[in-house]
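Note sheet for the following structure.
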There are 2 protein chains.
Amino acid sequence: MNQRVPVAPDASHCSTCMLGHVCLPIGMAPPDIARLDQLVKERIRIGKGQYLYRLGDAQDAIYGIRVGSLKTLVADAGGQVQITGFHLPGEIVGLDGMLESRHVSSAQALEDTEVCVIRLSEVDDIARQLPSLQPQVRRLMSREISRAHTMLATLGGMRAEQRLAAFLLNLSQRLSVLGYSSVEFVMRMSREEIGNYLGLTLETVSRLFSRLGRDGLIRIHQREVHILDMESLRQLAGPDC
Amino acid sequence: MNQRVPVAPDASHCSTCMLGHVCLPIGMAPPDIARLDQLVKERIRIGKGQYLYRLGDAQDAIYGIRVGSLKTLVADAGGQVQITGFHLPGEIVGLDGMLESRHVSSAQALEDTEVCVIRLSEVDDIARQLPSLQPQVRRLMSREISRAHTMLATLGGMRAEQRLAAFLLNLSQRLSVLGYSSVEFVMRMSREEIGNYLGLTLETVSRLFSRLGRDGLIRIHQREVHILDMESLRQLAGPDC
DNA sequence: CGGGTTATTGAAGGCTATCAACCAAAGTGG
DNA sequence: CCACTTTGGTTGATAGCCTTCAATAACCCG
C-alpha cells in the first residue's frame with residue numbers, strides 16, 4: 001500500500017529540488033523559497049494503480065508530485081467516471097475538496113509515484129512569516145481553475161481529431177518543461193483513459209492515432225509516440241496549442 | 001460603462017447581506033462574518049452586455065455578485081469562445097487569472113448587475129486578524145475547481161438531452177437556494193449561449209427544449225421555463241442531479 | 001411599425017459510438 | 001516450456017446523434 005516517508009533532514013527540500021521551477025515555488029523569490037523547506041515534512045510513495053486519495057477521504061493537505069504520474073477523476077452516483085486530469089512531476093493535486101474538507105475526487109497513480117505532502121495547517125502557520133505563501137497557494141489553485149476551463153473549451157468546441165492533437169501537444173509541452181524530449185515520449189495512460197479524458201471512446205482514440213500515423217504527423221506504437229510533424233499537429237489542434 | 005460605487009457606511013455589509021448564506025461568508029462563524037464587513041469597500045454596477053473584466057486585464061480582486069447575473073468565458077487565438085459558467089447572486093467570479101495577476105477569461109453581464117469588490121491585498125491584510133479568512137478563500141476556489149470538474153464530466157460523458165436536463169436542474173436548484181421558484185423561472189441566456197456552454201449548437205438546444213416540451217417534462221416559451229415533471233427530468237439527467 | 005436579433009423547424013450528411021472480430025503482449029499455472 | 005487467460009490495442013461495418021445549411025417565424029427595441 002501507500003508508504004509514508006518522513007523527510008530526512010539532509011534530504012532534498014524545495015530550495016534544492018530539481019522541480020523548483022515548475023512546482024509550488026514557481027515564480028517565488030529565492031529567499032522565500034528557502035523558507036518553504038519547513039513546509040514539506042513527509043512524502044508518500046504510491047504503487048502503480050494505488051490511490052493517493054479517494055472520493056470521500058478527509059482532506060487536510062495538497063500534494064506535489066516528485067516522481068511518476070497520476071490521474072485524477074470524479075465519479076457520479078451511477079458509477080460513471082470522468083478523468084479530469086493527468087498529472088506530471090511538479091504539478092500539485094488535491095486542490096479540490098476544500099469546501100467540506102473532504103475529497104470530491106480521487107487520484108490514482110499511473111506508475112510508481114512519490115509525492116510531497118503539503119499540510120494546509122502548516123501553510124497557514126508558515127504564511128505568518130512568509131506573506132508571499134498565501135498568494136502563491138491561490139495562484140496554484142487559480143492555475144487549476146484555468147486549466148479546467150481550457151479543458152472545457154476543448155471538450156465543448158473541438159472535434160475528436162483536434163482534441164487528440166491538442167492532447168499530444170499538451171503532453172509534449174509539459175514533458176519538455178521537465179527536460180524530456182518533446183517529440184518522443186511514452187504515454188503512461190491507456191487508450192481507454194485517454195478516451196475518457198477527451199470525451200471519446202477508446203476505439204475512436206485508437207483509430208485517430210492510426211490516422212495521424214498514416215498521415216505522417218506521428219509515429220506510434222502502443223504507448224510510444226514520435227511526433228514527426230509538430231507544425232501540422234499544431235495546425236490541426238487550432239490557433240493556440 | 002461600468003460604474004464604481006464606494007460602499008456607504010450605512011449600506012449593507014456582509015454581516016447584514018441577504019446573500020450571507022450563499023456568498024463569501026458561507027459556513028463562517030457569525031463573529032468572523034462581522035469582520036468581513038471591512039473587506040468590501042467598493043461595488044461595481046455593470047449594464048447588460050458590459051464586461052466586468054476582460055481577458056488580459058490586470059487582476060487584483062475577486063467579485064461577489066449582489067444582483068443580476070454574469071457569464072464567464074475563455075477565448076482562444078482563433079476567436080472561438082467557450083462559456084465556462086453562468087453565475088447568479090452570491091457566487092464569486094474572477095478566481096482564475098491569479099497566476100500572472102492578469103485575467104485569462106472575461107466576465108460579461110447577462111442583465112444589469114452589481115458586484116462587491118474583494119481586493120486580494122485586503123484579504124491578506126484582514127486575514128491577520130481573521131485566521132479563518134484564508135481557508136475560506138481557498139474553499140471558494142476549491143468549489144470552483146470542483147464545479148469545473150463536474151462540468152467536464154457533463155461534457156465528456158453525457159448526450160445532448162442529458163446535458164440540457166442537467167443544465168435545467170442545476171439552474172433550478174441554484175435559483176431555489178436564492179429563494180426563487182425552482183419550477184418556474186426565466187433563463188437570462190440565449191439558446192446560443194446555452195449551446196456554447198453545453199458543447200452543442202443552438203439548433204440542437206432549441207430542438208431539445210421543444211422535445212422536452214412535447215414529452216410533457218417542461219413547458220417552455222422563449223426564455224421562460226416551467227418544470228412540469230421534475231422527477232422525469234432528474235431521471236433523464238442521471239443518478240446525481 | 002420596421003429592422004434586426006433570437007428562436008423554431010426541416011432536410012441532408014458527417015462524425016463518432018456501438019457492436020464485433022481479431023491481434024499482440026504479458027502473465028499464470030500446470 | 002507451453003497452453004490458457006487476461007488485458008490492451010487495432011480495425012471493420014453499421015447505426016444514429018448531432019451538426020450544418022436553410023427557410024420561416026416570433027420577438028424586442030428604438
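Identifiers in the C-alpha cells: chain A, B, ... in order shown; residue index from 1 per chain; ligand index from 1 in order shown.
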Exercise for the section: Output the contact residues of chain B with respect to chain A at a cut-off of 7 Å, based on only C-alpha atoms, as number ranges by chain. Expected result: B: 76-78, 82, 84, 95-99, 138-146, 148-149, 152-153, 155-157, 198-199, 239-240
Practice task
May I ask you to extract the residues of chain A within 12 Å of chain C, using only C-alpha atoms (C1' of nucleotides), and to give them as a PyMOL selection string?
Solution key: chain A and resi 159-161+199-205+207-208+221-222
Handout entry: Neighbours of chain B in chain D at 10 Å, counting only C-alpha atoms (C1' of nucleotides), as JSON, numbers by chain
Key = {"D": [17, 18, 19, 20, 26, 27]}
With C-alpha atoms (C1' of nucleotides) retained, could you export that selection as a compact mmCIF listing (two decimals), in the first residue's frame?
# COMPACT_ATOMS: atom_id res chain seq x y z
C1' DC D 17 -26.91 11.51 -32.91
C1' DC D 18 -25.87 15.90 -33.78
C1' DT D 19 -24.23 19.43 -36.98
C1' DT D 20 -24.77 22.05 -40.98
C1' DA D 26 -41.55 35.27 -33.23
C1' DC D 27 -39.91 38.74 -30.52
Exercise for the section: Could you please write out, as a PyMOL selection string, every residue of segment 8-238 of chain B that DSSP assigns to strand (DSSP E or B)? Expected result: chain B and resi 40-46+51-53+58+61-67+70-75+81-87+92-93+102+106-109+113-119+184-186+218-221+224-227
Practice task
Please identify all polymer residues within 12 Å of segment 212-220 of chain B, counting only C-alpha atoms (C1' of nucleotides), omitting same-chain residues fewer than 2 positions from it, and present them as a PyMOL selection string.
Solution key: (chain B and resi 160-162+164-165+168-169+183-187+205-210+222-236) or (chain C and resi 7)
Handout entry: Atom pair atom CA of Pro30 of chain B / atom CA of Cys116 of chain B: separation (Å)
Key = 19.5 Å
Handout entry: Shell around segment 51-53 of chain B at 9 Å using only C-alpha atoms (C1' of nucleotides), local window under 4 positions removed, as a PyMOL selection string
Key = chain B and resi 1-2+44-47+57-59+70+94+103+105-109+115
Handout entry: atom CA of Met189 of chain A to atom CA of Thr113 of chain A, straight-line distance in Å
Key = 14.0 Å
Problem - Residue list (helix (DSSP H, G or I), DSSP) for segment 17-199 of chain A, as a PyMOL selection string - result: chain A and resi 30-38+120-127+133-157+160-177+191-198
